[in-house]
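Text of the file target-v9.cif, holding mmCIF, C-alpha atoms:
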data_entry
loop_
_atom_site.label_atom_id
_atom_site.label_comp_id
_atom_site.auth_asym_id
_atom_site.auth_seq_id
_atom_site.Cartn_x
_atom_site.Cartn_y
_atom_site.Cartn_z
CA MET L 1 -21.79 9.43 -5.67
CA HIS L 2 -20.94 7.75 -2.37
CA SER L 3 -21.16 9.05 1.14
CA VAL L 4 -19.28 7.59 4.07
CA GLY L 5 -21.41 6.16 6.85
CA ILE L 6 -20.50 4.88 10.31
CA HIS L 7 -17.14 3.46 11.43
CA VAL L 8 -17.73 0.31 13.44
CA SER L 9 -15.25 -2.02 15.11
CA GLY L 10 -14.80 -4.32 18.08
CA ARG L 11 -17.54 -5.56 20.42
CA ARG L 12 -19.97 -2.77 19.53
CA ARG L 13 -20.15 -3.99 15.95
CA SER L 14 -23.29 -6.08 16.32
CA ILE L 15 -25.30 -3.30 17.97
CA ARG L 16 -24.28 -0.59 15.53
CA HIS L 17 -24.42 -2.90 12.54
CA ARG L 18 -28.12 -3.49 13.22
CA LEU L 19 -28.67 0.28 13.27
CA VAL L 20 -26.83 0.67 9.97
CA GLU L 21 -28.94 -2.08 8.36
CA LYS L 22 -32.11 -0.16 9.23
CA SER L 23 -30.87 3.16 7.83
CA HIS L 24 -32.29 4.61 4.62
CA PRO L 25 -30.82 4.31 2.07
CA PRO L 26 -29.27 1.06 3.32
CA ALA L 27 -25.60 1.18 4.27
CA ARG L 28 -23.21 -1.62 3.41
CA ALA L 29 -19.54 -2.53 3.41
CA PRO L 30 -17.72 -1.15 0.35
CA ASP L 31 -16.28 -3.39 -2.34
CA ILE L 32 -12.52 -3.15 -2.89
CA GLY L 33 -12.83 -0.51 -5.62
CA GLU L 34 -14.94 1.72 -3.38
CA ALA L 35 -12.46 1.26 -0.50
CA LYS L 36 -9.65 2.47 -2.76
CA TRP L 37 -11.76 5.47 -3.81
CA ILE L 38 -12.46 6.36 -0.18
CA SER L 39 -8.70 6.14 0.53
CA ARG L 40 -7.82 8.38 -2.40
CA SER L 41 -10.32 10.91 -1.05
CA ASN L 42 -8.49 10.82 2.33
CA MET L 43 -11.64 9.75 4.18
CA ILE L 44 -9.80 6.78 5.72
CA ARG L 45 -6.06 6.81 6.35
CA THR L 46 -4.96 4.27 8.96
CA GLY L 47 -6.00 0.80 9.96
CA VAL L 48 -7.16 -2.22 8.01
CA TYR L 49 -10.72 -2.20 6.70
CA TRP L 50 -13.08 -5.00 5.73
CA THR L 51 -14.62 -4.98 2.26
CA ALA L 52 -17.56 -6.87 0.81
CA THR L 53 -15.29 -8.42 -1.83
CA LYS L 54 -14.91 -12.20 -1.51
CA ALA L 55 -11.31 -13.41 -1.52
CA ASP L 56 -12.11 -17.03 -2.41
CA ALA L 57 -14.77 -19.02 -4.18
CA PHE L 58 -16.25 -20.38 -0.94
CA GLY L 59 -16.80 -17.08 0.90
CA ASP L 60 -14.54 -18.09 3.83
CA GLU L 61 -12.25 -15.09 3.29
CA ARG L 62 -12.82 -11.43 2.49
CA VAL L 63 -10.49 -8.86 1.02
CA THR L 64 -9.21 -6.35 3.57
CA TRP L 65 -7.79 -2.97 2.59
CA ASN L 66 -4.85 -1.13 4.18
CA PRO L 67 -4.96 2.50 2.95
CA ARG L 68 -1.58 3.46 4.42
CA ALA L 69 0.30 0.63 2.68
CA TRP L 70 -2.08 0.81 -0.34
CA LYS L 71 -2.43 -2.99 -0.25
CA MET L 72 -5.23 -5.51 -0.16
CA ARG L 73 -5.07 -9.07 1.16
CA ALA L 74 -7.24 -12.12 1.74
CA THR L 75 -8.28 -12.36 5.40
CA GLY L 76 -10.24 -15.03 7.24
CA GLN L 77 -13.58 -13.78 8.56
CA ARG L 78 -12.70 -14.71 12.15
CA TRP L 79 -9.91 -12.11 12.30
CA ARG L 80 -10.82 -9.38 14.81
CA GLY L 81 -8.34 -6.67 13.81
CA GLY L 82 -10.32 -5.10 10.98
CA LYS L 83 -12.40 -1.95 11.05
CA VAL L 84 -15.63 -1.44 9.16
CA VAL L 85 -16.61 1.61 7.18
CA CYS L 86 -20.08 1.70 5.69
CA VAL L 87 -21.07 3.38 2.46
CA ARG L 88 -24.41 4.28 0.99
CA PHE L 89 -25.47 5.84 -2.26
CA ALA L 90 -26.46 9.49 -2.18
CA ASN L 91 -29.43 8.62 -4.39
CA PRO L 92 -31.76 6.24 -2.46
CA ASP L 93 -33.09 4.84 -5.76
CA ASP L 94 -29.64 3.60 -6.81
CA SER L 95 -29.40 -0.15 -6.15
CA GLY L 96 -25.61 -0.25 -6.01
CA PRO L 97 -22.85 -1.73 -8.12
CA GLY L 98 -23.56 -4.57 -10.50
#
Any chance you could give the structure as structure tokens?
Amino acid sequence: MHSVGIHVSGRRRSIRHRLVEKSHPPARAPDIGEAKWISRSNMIRTGVYWTATKADAFGDERVTWNPRAWKMRATGQRWRGGKVVCVRFANPDDSGPG
């Protein structure tokens, strides 16, 4: 079971991201499957969201998710238009996917 954490975007990302990293259980960016699940649950509707899923073998690009268009795409990590949604497991003992 997943719970949605904090939405973070823009210049405030670094400050809030540090707070999220210190939360218990730890919050993280969702993988693409989790982002789709969050969309189906109508927790996110507009915008383009970063995922933790690598889009290439070198880690230079990440998969971004657009819930309105129901599409994913490879995006360079320097792009500033994406939003971040953090997820965490409801059970703190769960280590996550994989």
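Between Val84 in chain L and the residues L:Trp70, L:Phe58, L:Trp65, L:Tyr49, the shortest atom-to-atom distance, using all atoms listed in the file, involves L:Tyr49.
In this structure, CA of Lys83 in chain L sits 6.2 Å away from CA of Trp50 in chain L.
Considering all atoms listed in the file, the residue among L:Asp60, L:Val85, L:Ala55, L:Gly76 positioned nearest to Ser39 in chain L is L:Val85.
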Matched chain/residue IDs from the PyMOL selection byres ((chain L and resi 64) around 9), as a VMD selection string = chain L and resid 32 48 to 53 55 62 to 63 65 to 66 71 to 75 82
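Counting all atoms listed in the file and comparing L:Met43, L:Ala69, L:Cys86, L:Ala57, the residue that lies closest to Asp31 in chain L is L:Cys86.
The gap separating CA of Lys36 in chain L from CA of Arg68 in chain L is 10.8 Å, in Å to one decimal.
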What is the CA of Asn42 in chain L-CA of Trp79 in chain L distance in Å, reported with one decimal?
-> 25.0 Å
Box for range 66-77 of chain L - axis-aligned, 4 Å on each of the six sides, all listed atoms - centre and size in Å to one decimal, as AutoDock Vina command-line options.
--center_x -6.6 --center_y -5.8 --center_z 4.1 --size_x 21.9 --size_y 26.5 --size_z 16.9
Hey, what's within 10 Å of Glu34 in chain L if we count all atoms listed in the file and toss same-chain stuff fewer than 4 positions away? As a short mmCIF file (atom, residue, chain, number, x, y, z; two decimals) with C-alpha atoms, keeping the file's coordinate frame, please?
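To be explicit, this is the file written out as around24.cif:
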data_model
loop_
_atom_site.label_atom_id
_atom_site.label_comp_id
_atom_site.auth_asym_id
_atom_site.auth_seq_id
_atom_site.Cartn_x
_atom_site.Cartn_y
_atom_site.Cartn_z
CA HIS L 2 -20.94 7.75 -2.37
CA ALA L 29 -19.54 -2.53 3.41
CA PRO L 30 -17.72 -1.15 0.35
CA ILE L 38 -12.46 6.36 -0.18
CA SER L 39 -8.70 6.14 0.53
CA ARG L 40 -7.82 8.38 -2.40
CA THR L 51 -14.62 -4.98 2.26
CA ALA L 52 -17.56 -6.87 0.81
CA VAL L 87 -21.07 3.38 2.46
CA PRO L 97 -22.85 -1.73 -8.12
#
